[in-house]
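Encoded as structure tokens, the structure appears first; notes follow it.
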Amino acid sequence: MRAFLVVMDSVGIGGAPDAAAFFNDGRPDTGANTVLHIAEACARGAADDGRSGPLHLPVLDALGLGRAVKLASGTLPPGLGAKPEGRWGAATERSKGKDTPSGHWELAGLPVPWDWHYFPDTQPAFPAELMARVCEIAGTEGTLANCHGSGTVMLDRFGAEHLRSGWPICYTSADSVFQIAAHEERFGLDRLLTLCERIAPVLHEMKVGRVIARPFVGSEGSFTRTANRHDYAIRPPEPVLTNWVQTAGRRVYAVGKIGDIFSMEGIDELHKGDDAALMAHLGALVDGAEDGSLTFANFVEFDSLYGHRRNIAGYARALEWFDAALGRLLPRLRDGDMLVITADHGNDPSWHGTDHTRERVPVLVAGTGRGGLGQVGFADVAASIAAHLGVESVGCGSSFL
């Protein structure tokens, strides 16, 4: 008996009751629906770059994805009308954020117990005393950007000046985050990681959720970010699912950025890489993880490569790739295993702006029979996994098993 919790980063399904309180480019998220709008674009032939035709997700749909979208938002996506063979539902978030830590913490049983600090969309966006500390640690006379922006745009705007000056590029977004981009060779990867590690406690004291090191390489006109990103996140203030399982003497595996999100709390073994490598790691754990263990995985490229960049066709390709890989994975589960597929927030690539969208998320369960779960909470995911593994749950959720 094992549990696998797989987060499809940003694969929202619309219908969040408080979407009007969250904004993109000054406009509310009301009506945002990541899966529905991708499926609609595919159905009308508007997402045929590198793929073609209706959105093809037979494995996810058989688990109940189409029904979950309809439950969350009232509309069945075109091409996703299969009769579910798994258990399916839609989850609503309590935490007052549409960011990575908020979603993951609550999925792990802990709604965020405070309001995150967000930097104003002004220039400069950051207080002078914070930037003075960054300069002191970095050993530079100044910093670049100091504003809201997309990471790739920041490299286009400030990358060449960074190469000339050696000053770090500091920027933020609608999330509670402070990001520092620097060239791996000109600035140095170790130097960037040290800078982020040392400035992180200052940001955490402000209740900024994450400091993110964003290393890149290349020259003007051809800058690319590398896989050496590292997140320095606030530690959860109370035990979460990973701690519950580890305290019970079970082994916990993290795949992807789970280790960063939870600051390695309750995690025994970490596997990182791009999404293709992460799928290979997940497959190896399905084949070899021991009885009673928890594997907690995040696949980030839906969000990082396609959602923020508002690339509908790319997002559709990523979903179809994931679906095919999942189809090869599910038959390898053992009797008694439970695999939960969900998301942490939305990032509708058809939406205005470039930020996450406030949405409900799917909850698709393989290995525990079939049938609808109805509307559940994010924290119910953690309670259900704990119940499946027979470990004590100390979060606020209720098991849907």
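Residue numbers start at 1 in each chain; chains themselves are named A, B, ... in the order of the structure tokens; ligands are numbered from 1 in the order shown.
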Who sits within 10 Å of A:Asn24, only C-alpha atoms, same chain under 3 positions skipped, as a tab-separated table (two decimals) with C-alpha atoms, in the first residue's frame:
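part20.tsv, written as the output of this step:
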chain	number	residue	atom	x	y	z
A	27	ARG	CA	-8.72	42.68	-14.39
A	28	PRO	CA	-10.38	40.00	-12.22
A	29	ASP	CA	-9.89	36.27	-12.78
A	174	ALA	CA	1.81	38.97	-8.65
A	351	TRP	CA	-6.17	34.89	-20.18
A	352	HIS	CA	-5.02	38.49	-20.05
A	353	GLY	CA	-1.83	39.27	-18.15
A	354	THR	CA	0.92	36.78	-17.37
A	355	ASP	CA	0.13	35.66	-13.82
A	356	HIS	CA	-1.57	32.64	-12.27
A	357	THR	CA	-5.36	32.50	-12.35
A	358	ARG	CA	-7.57	31.74	-9.34
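Within 6 Å of A:Asn146, once only C-alpha atoms are used and residues closer than 5 positions along the same chain are dropped, the contacting residues are Pro124, Ala125, Cys170 and Tyr171 of chain A.
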Mind writing the picked residues with N, CA and C atoms as a PDB file, in the first residue's frame?
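New file result-v6.pdb:
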ATOM      1  N   PRO A 124      10.707  51.902  -8.396  1.00  0.00           N
ATOM      2  CA  PRO A 124      11.101  50.561  -7.959  1.00  0.00           C
ATOM      3  C   PRO A 124       9.998  49.867  -7.142  1.00  0.00           C
ATOM      4  N   ALA A 125       9.999  48.532  -7.200  1.00  0.00           N
ATOM      5  CA  ALA A 125       9.016  47.733  -6.464  1.00  0.00           C
ATOM      6  C   ALA A 125       9.483  47.388  -5.059  1.00  0.00           C
ATOM      7  N   CYS A 170      16.848  41.828 -10.250  1.00  0.00           N
ATOM      8  CA  CYS A 170      15.888  41.526  -9.190  1.00  0.00           C
ATOM      9  C   CYS A 170      14.488  41.911  -9.650  1.00  0.00           C
ATOM     10  N   TYR A 171      13.553  40.976  -9.545  1.00  0.00           N
ATOM     11  CA  TYR A 171      12.199  41.248 -10.019  1.00  0.00           C
ATOM     12  C   TYR A 171      11.205  40.394  -9.249  1.00  0.00           C
TER      13      TYR A 171
END
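Among the candidate residues A:Ala383, A:Thr143, A:Gly26, A:Arg250, the one lying nearest to A:Ala128 is A:Thr143, with distances computed using only C-alpha atoms.
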Within 12 Å of stretch 236-245 of chain A, which residues of stretch 39-112 of chain A come that close, and what is the closest atom pair and distance in Å for each? Count only C-alpha atoms and give it as JSON lines.
{"residue": "A:Pro101", "atom": "CA", "partner": "A:Pro236", "partner_atom": "CA", "distance": 9.2}
{"residue": "A:Ser102", "atom": "CA", "partner": "A:Pro236", "partner_atom": "CA", "distance": 10.3}
{"residue": "A:His104", "atom": "CA", "partner": "A:Val240", "partner_atom": "CA", "distance": 10.0}
{"residue": "A:Trp105", "atom": "CA", "partner": "A:Val240", "partner_atom": "CA", "distance": 7.4}
{"residue": "A:Glu106", "atom": "CA", "partner": "A:Val240", "partner_atom": "CA", "distance": 8.7}
{"residue": "A:Leu107", "atom": "CA", "partner": "A:Leu241", "partner_atom": "CA", "distance": 8.5}
{"residue": "A:Ala108", "atom": "CA", "partner": "A:Leu241", "partner_atom": "CA", "distance": 4.9}
{"residue": "A:Gly109", "atom": "CA", "partner": "A:Val240", "partner_atom": "CA", "distance": 5.7}
{"residue": "A:Leu110", "atom": "CA", "partner": "A:Val240", "partner_atom": "CA", "distance": 6.3}
{"residue": "A:Pro111", "atom": "CA", "partner": "A:Pro236", "partner_atom": "CA", "distance": 9.9}
{"residue": "A:Val112", "atom": "CA", "partner": "A:Pro236", "partner_atom": "CA", "distance": 8.5}
Saved selection, atoms kept: N, CA and C atoms, as a CSV table (one decimal), in the first residue's frame:
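As a result, again.csv now contains:
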chain,number,residue,atom,x,y,z
A,101,PRO,N,3.4,28.1,-3.1
A,101,PRO,CA,3.4,27.6,-1.7
A,101,PRO,C,2.0,27.5,-1.2
A,102,SER,N,1.1,28.5,-1.5
A,102,SER,CA,-0.3,28.4,-0.9
A,102,SER,C,-0.9,27.1,-1.3
A,104,HIS,N,0.4,24.2,-2.6
A,104,HIS,CA,1.0,23.0,-2.1
A,104,HIS,C,0.9,22.8,-0.6
A,105,TRP,N,1.0,23.9,0.2
A,105,TRP,CA,0.9,23.7,1.6
A,105,TRP,C,-0.5,23.2,1.9
A,106,GLU,N,-1.6,23.8,1.3
A,106,GLU,CA,-2.9,23.4,1.6
A,106,GLU,C,-3.2,22.0,1.1
A,107,LEU,N,-2.7,21.6,-0.1
A,107,LEU,CA,-2.8,20.2,-0.5
A,107,LEU,C,-2.2,19.3,0.5
A,108,ALA,N,-1.1,19.8,1.2
A,108,ALA,CA,-0.5,18.9,2.2
A,108,ALA,C,-1.1,19.1,3.6
A,109,GLY,N,-2.3,19.8,3.7
A,109,GLY,CA,-3.0,19.8,4.9
A,109,GLY,C,-2.9,21.1,5.7
A,110,LEU,N,-2.2,22.1,5.2
A,110,LEU,CA,-2.0,23.3,6.0
A,110,LEU,C,-2.4,24.6,5.2
A,111,PRO,N,-3.6,25.1,5.3
A,111,PRO,CA,-3.9,26.4,4.7
A,111,PRO,C,-2.9,27.4,5.3
A,112,VAL,N,-2.5,28.4,4.4
A,112,VAL,CA,-1.5,29.4,4.8
A,112,VAL,C,-2.1,30.2,6.0
Residue neighbourhood stretch 155-162 of chain A, 12 Å, only C-alpha atoms, exclusion window fewer than 5 positions, as a ChimeraX atom specification: /A:140,142-147,149-150,167-171,180-187,214-225
Output file for the residues above (C-alpha atoms, as a short mmCIF file (atom, residue, chain, number, x, y, z; two decimals), in the first residue's frame):
data_model
loop_
_atom_site.label_atom_id
_atom_site.label_comp_id
_atom_site.auth_asym_id
_atom_site.auth_seq_id
_atom_site.Cartn_x
_atom_site.Cartn_y
_atom_site.Cartn_z
CA THR A 140 27.88 45.15 -6.19
CA GLY A 142 23.60 48.34 -7.57
CA THR A 143 20.92 46.03 -8.93
CA LEU A 144 18.90 45.91 -12.15
CA ALA A 145 15.16 45.80 -12.89
CA ASN A 146 13.66 46.19 -9.37
CA CYS A 147 10.18 45.78 -10.86
CA GLY A 149 7.93 41.28 -14.88
CA SER A 150 8.17 37.92 -16.59
CA TRP A 167 24.70 43.65 -11.18
CA PRO A 168 21.99 41.06 -10.26
CA ILE A 169 18.56 41.33 -11.90
CA CYS A 170 15.89 41.53 -9.19
CA TYR A 171 12.20 41.25 -10.02
CA ILE A 180 17.20 37.14 -8.67
CA ALA A 181 18.52 36.34 -12.14
CA ALA A 182 22.24 36.16 -12.87
CA HIS A 183 24.50 34.72 -15.54
CA GLU A 184 26.09 31.44 -14.47
CA GLU A 185 29.50 32.44 -15.90
CA ARG A 186 29.59 36.25 -15.61
CA PHE A 187 28.13 36.36 -12.08
CA ARG A 214 17.14 32.22 -11.67
CA PRO A 215 20.47 31.38 -13.33
CA PHE A 216 20.86 31.81 -17.07
CA VAL A 217 23.46 31.44 -19.79
CA GLY A 218 24.07 32.74 -23.30
CA SER A 219 24.72 36.12 -24.86
CA GLU A 220 22.63 39.12 -25.90
CA GLY A 221 19.71 37.98 -28.03
CA SER A 222 20.03 34.34 -27.00
CA PHE A 223 19.79 34.19 -23.20
CA THR A 224 18.27 31.00 -21.80
CA ARG A 225 17.47 30.01 -18.21
#
Nearby residues (only C-alpha atoms) at most 9 Å from stretch 274-290 of chain A, same-chain spacing under 2 positions excluded, as a VMD selection string: chain A and resid 1 to 2 4 227 250 to 251 253 255 to 256 271 to 272 292 to 295 297 to 301 322 325 to 326 328 to 330 332 to 334
Please produce a file of those selected residues containing C-alpha atoms, as a PDB file, in the first residue's frame.
ATOM      1  CA  MET A   1       0.000   0.000   0.000  1.00  0.00           C
ATOM      2  CA  ARG A   2       1.651   3.211  -1.239  1.00  0.00           C
ATOM      3  CA  PHE A   4       1.542   8.958  -5.038  1.00  0.00           C
ATOM      4  CA  ALA A 227      17.817  23.936 -14.862  1.00  0.00           C
ATOM      5  CA  ARG A 250       7.504   5.745   6.430  1.00  0.00           C
ATOM      6  CA  ARG A 251       9.730   6.953   3.620  1.00  0.00           C
ATOM      7  CA  TYR A 253      10.126  10.809  -1.840  1.00  0.00           C
ATOM      8  CA  VAL A 255      10.021  14.680  -7.257  1.00  0.00           C
ATOM      9  CA  GLY A 256      10.573  18.102  -8.812  1.00  0.00           C
ATOM     10  CA  HIS A 271      14.755  13.832  -7.434  1.00  0.00           C
ATOM     11  CA  LYS A 272      15.033  16.872  -9.731  1.00  0.00           C
ATOM     12  CA  GLY A 292       3.868   2.423   3.025  1.00  0.00           C
ATOM     13  CA  SER A 293       5.786   5.205   1.275  1.00  0.00           C
ATOM     14  CA  LEU A 294       4.608   8.567  -0.061  1.00  0.00           C
ATOM     15  CA  THR A 295       5.841  10.008  -3.344  1.00  0.00           C
ATOM     16  CA  ALA A 297       5.684  15.047  -7.330  1.00  0.00           C
ATOM     17  CA  ASN A 298       5.316  18.360  -9.143  1.00  0.00           C
ATOM     18  CA  PHE A 299       5.446  18.809 -12.919  1.00  0.00           C
ATOM     19  CA  VAL A 300       6.148  22.505 -13.409  1.00  0.00           C
ATOM     20  CA  GLU A 301       6.503  23.043 -17.154  1.00  0.00           C
ATOM     21  CA  PHE A 322       1.685  13.993 -19.725  1.00  0.00           C
ATOM     22  CA  ALA A 325       3.180   9.120 -20.046  1.00  0.00           C
ATOM     23  CA  LEU A 326       0.517   8.594 -17.389  1.00  0.00           C
ATOM     24  CA  ARG A 328       2.256   3.975 -19.432  1.00  0.00           C
ATOM     25  CA  LEU A 329       2.552   4.518 -15.689  1.00  0.00           C
ATOM     26  CA  LEU A 330      -0.856   3.508 -14.335  1.00  0.00           C
ATOM     27  CA  ARG A 332       2.514  -0.467 -13.182  1.00  0.00           C
ATOM     28  CA  LEU A 333       0.789   0.490  -9.919  1.00  0.00           C
ATOM     29  CA  ARG A 334       0.575  -2.310  -7.360  1.00  0.00           C
TER      30      ARG A 334
END
Who sits within 10 Å of stretch 188-205 of chain A, only C-alpha atoms, same chain under 3 positions skipped, as a ChimeraX atom specification: /A:116-117,130-131,133-139,166,168,176-185,208-216,228-235
Counting only C-alpha atoms, the residue of A:Ala16, A:Gly377, A:Thr172, A:Thr100 that sits nearest A:Met154: A:Thr172
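Here atom CA of A:Cys396 stands at a distance of 15.9 Å from atom CA of A:Lys96.
You will find atom CA of A:Glu269 at 20.6 Å from atom CA of A:Asp9.
Picture a line from atom CA of A:Ala90 to atom CA of A:Gly327; it runs 21.6 Å.
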